[in-house]
Each structure stands twice: as structure tokens, then as C-alpha cells.
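Remarks on the structure that follows.
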Amino acid sequence: MPSFTSNSNSRIPEAPQWRMMALSMFILFLLLAGFESYFRSRGFEPSIPDSEVLWAYHRARAADDNGKQKIAVIGTSRAQNGLDPKVIESELNGDVIFLPLFASSPYEALWDLLNDDRFKGTIICDMLPGYLLPDAMPGHIGEKVSHYHNEYEKSTLRRLYTRFILHPSLSINANLVILHPSFNVGTMAQCLIGTKSWDSLFAVKMNRSRYRPGSISIGL
């Protein structure tokens with residue numbers, strides 16, 4: 001008598017692979033939409049990430065002769081947080097360019113602008129008292145200034161990347177809270193277990209001009 005064996009798994013109908021993928025994407029979409037809705041209900045706002053490429057883009061604007069008076073804002077993060085470019089633009093009637101360097105001396109950007117014959121405008125410099133000491137003078141060029149001269153100005157591909165890839169991606173960042181640079185798996189886990197607050201995570205945002213306005217409405 002011939003023997004017959006059967007695999008029980010063969011009798012289970014398999015769902016098409018595309019349906020499983022679609023279901024997974026739908027669940028992920030619902031999860032992200034839930035986070036986005038929750039964050040916005042708490043008053044959190046979108047932010048974009050800072051980078052050498054973004055700084056170089058604005059630095060190139062300082063050298064662009066478009067007929068407008070240039071007002072370059074340089075300094076530390078205090079200038080980036082405390083000076084509103086729209087207010088400066090309305091009061092001084094010029095094209096405001098934000099070039100503060102986070103946690104860095106303002107001398108790098110200052111010397112860079114002063115040595116550029118193409119820049120014709122006004123410089124607003126935020127200066128901490130400690131930077132007035134002789135030992136505070138930088139002995140090297142910082143990463144953002146170096147990137148501008150060594151890569152951005154000399155590379156057509158880098159400028160095309162900024163125009164056609166970076167700017168569209170920043171438009172997405174500027175409209176979604178869940179793409180905030182401070183929001184990732186690690187910080188989310190810290191917030192969920194209570195070692196970090198959501199308010200501190202989203203307290204500072206940055207827009208495309210590199211201005212970092214603080215929000216006093218968070219958590220209200």
C-alpha cells in the first residue's frame with residue numbers, strides 16, 4: 001500500500017507578497033501619522049537639520065550680486081536664536097544672510113567675509129567676551145567655511161545637489177514634525193521611559209534661513 005505524507009504548511013493559503021507589504025506600509029503610515037498628530041497637538045513645530053551644505057548655500061548668497069544690500073549675521077548660536085531675520089530685513093531693508101557657527105568662534109566667518117571682494121554689505125557680529133582675548137583667535141578654518149571654499153564653490157555637482165536634492169528635501173522637513181533632527185529612535189525611547197521630556201526635544205527649531213526661533217507655546 002503506497003504511503004502518503006502531507007505537509008500541513010502546504011494547505012495554508014499564502015497571501016500575496018504585495019498585500020503583506022501594502023499592509024505593513026499602511027500600519028507604518030498610521031503609526032507615523034499618529035505621532036505627527038500628537039506632536040502637533042502639543043504645539044511642536046517642524047525643523048530642518050543644519051549642515052555644511054546648507055551653510056555653504058547661504059554663504060554663496062553673500063557673494064551673489066543681485067542688486068540687494070547684503071546683511072550678514074555671524075556669531076555663535078546666540079545670534080542664531082536671538083536675531084529674527086524678518087525683523088532685521090524690515091528695519092534695514094536688505095537681504096539677510098544667517099551665517100552663525102554653532103559652538104564656534106565668529107572669527108572664521110568674519111575673516112572669510114572680509115577677505116571676499118564679492119561681499120559688499122553690512123556685518124552684524126555676535127561676540128562673547130571670551131572671544132575678545134588674544135588666545136581666542138582661531139588657528140584653523142572651521143568645517144563649514146572649509147566646505148564652502150573647497151567643495152561647494154569648486155563643484156558644480158555639489159551646487160546642483162543643493163538645488164535639486166537638498167532644497168526639495170528641506171521642504172519636506174519643514175512640513176513634518178516627525179522629521180525633526182532631534183527625533184530618532186534613541187531620543188524617542190528616552191522620552192517614552194521618562195528620562196527626557198518631549199518639550200526639551202522639540203524646544204528649538206530651525207527654518208531654511210538657519211534662524212532658530214525658540215517656541216514659548218510648547219507644552220501649553
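We name chains A, B, ... following the order of the C-alpha cells; residues begin at 1 in each chain, and ligands are numbered from 1 as shown.
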Check: What are the DSSP strand (DSSP E) residues of stretch 23-183 of chain A, as a ChimeraX atom specification?
Finding: /A:70-74,95-98,121-125
Margin query: Could you list, as a PyMOL selection string, every residue within 6 Å of stretch 102-111 of chain A, counting only C-alpha atoms and ignoring same-chain residues fewer than 5 positions away?
Written below: chain A and resi 75-77
Next item on the list: For A:Glu36, work out the shell of residues within 10 Å, counting only C-alpha atoms and skipping chain neighbours fewer than 5 positions away, then give it as a ChimeraX atom specification.
Entry: /A:30-31,41,44-46,176-179
Using only C-alpha atoms, please write the residues we just selected to a file, as a PDB file, in the first residue's frame.
```
ATOM      1  CA  LEU A  30      -0.845  55.093  10.641  1.00  0.00           C
ATOM      2  CA  LEU A  31       1.889  54.982  13.294  1.00  0.00           C
ATOM      3  CA  SER A  41      -1.407  68.843  19.329  1.00  0.00           C
ATOM      4  CA  PHE A  44       5.602  71.161  18.459  1.00  0.00           C
ATOM      5  CA  GLU A  45       6.735  72.545  15.116  1.00  0.00           C
ATOM      6  CA  PRO A  46       8.828  71.162  12.237  1.00  0.00           C
ATOM      7  CA  LEU A 176       6.641  67.322   9.127  1.00  0.00           C
ATOM      8  CA  VAL A 177       7.335  67.363  12.873  1.00  0.00           C
ATOM      9  CA  ILE A 178       8.365  63.699  12.858  1.00  0.00           C
ATOM     10  CA  LEU A 179      11.380  64.626  10.685  1.00  0.00           C
TER      11      LEU A 179
END
```
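Non-sequential neighbours of stretch 203-214 of chain A (distance at most 6 Å, separation of 6 or more positions within a chain, only C-alpha atoms) are Ser47, Ile48, Gln80 and Asn81 of chain A.
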Output N, CA and C atoms of each residue in that selection to a file, as a compact mmCIF listing (two decimals), in the first residue's frame.
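So out.txt came out as:
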```
# COMPACT_ATOMS: atom_id res chain seq x y z
N SER A 47 11.22 71.24 11.99
CA SER A 47 12.55 71.86 11.94
C SER A 47 13.36 71.17 10.87
N ILE A 48 14.37 71.85 10.37
CA ILE A 48 15.24 71.25 9.37
C ILE A 48 16.63 71.06 9.96
N GLN A 80 21.98 83.04 16.30
CA GLN A 80 21.08 82.18 15.54
C GLN A 80 19.73 82.05 16.22
N ASN A 81 19.72 82.15 17.55
CA ASN A 81 18.48 82.00 18.31
C ASN A 81 17.79 83.34 18.58
```
Notebook entry, point to check: Please, what distance in Å, to one decimal, runs between atom CA of A:Tyr57 and atom CA of A:Gly82?
Noted result: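 We find that atom CA of A:Tyr57 and atom CA of A:Gly82 lie 21.5 Å from each other.
Here atom CA of A:Ser200 is placed at a distance of 11.8 Å from atom CA of A:Met188.
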Item checked: Gap from atom CA of A:Lys120 to atom CA of A:Val73 - Å, one decimal ->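 One can read the atom CA of A:Lys120 to atom CA of A:Val73 distance as 13.5 Å.
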Checklist line | DSSP-assigned helix (DSSP H, G or I) members of stretch 38-143 of chain A, reported as a PyMOL selection string | finding: chain A and resi 38-41+52-62+77-82+85-92+107-114+129-132+134-136+143
Next item on the list: Do a neighbour search on A:Glu143 at 12 Å with only C-alpha atoms, toss out local chain neighbours closer than 2 positions, and write the hits as number ranges by chain.
Entry: A: 51-53, 55-56, 101-102, 104, 108-109, 140-141, 145-151
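Proximity to A:His58 was assessed for A:Asp84, A:Glu89, A:Asp95, A:Asp199 counting only C-alpha atoms; the smallest distance is recorded for A:Asp95.
Using only C-alpha atoms, the shortest contact distance between A:Ala174 and any of A:Pro49, A:Leu128, A:Gln190, A:Met21 is found at A:Pro49.
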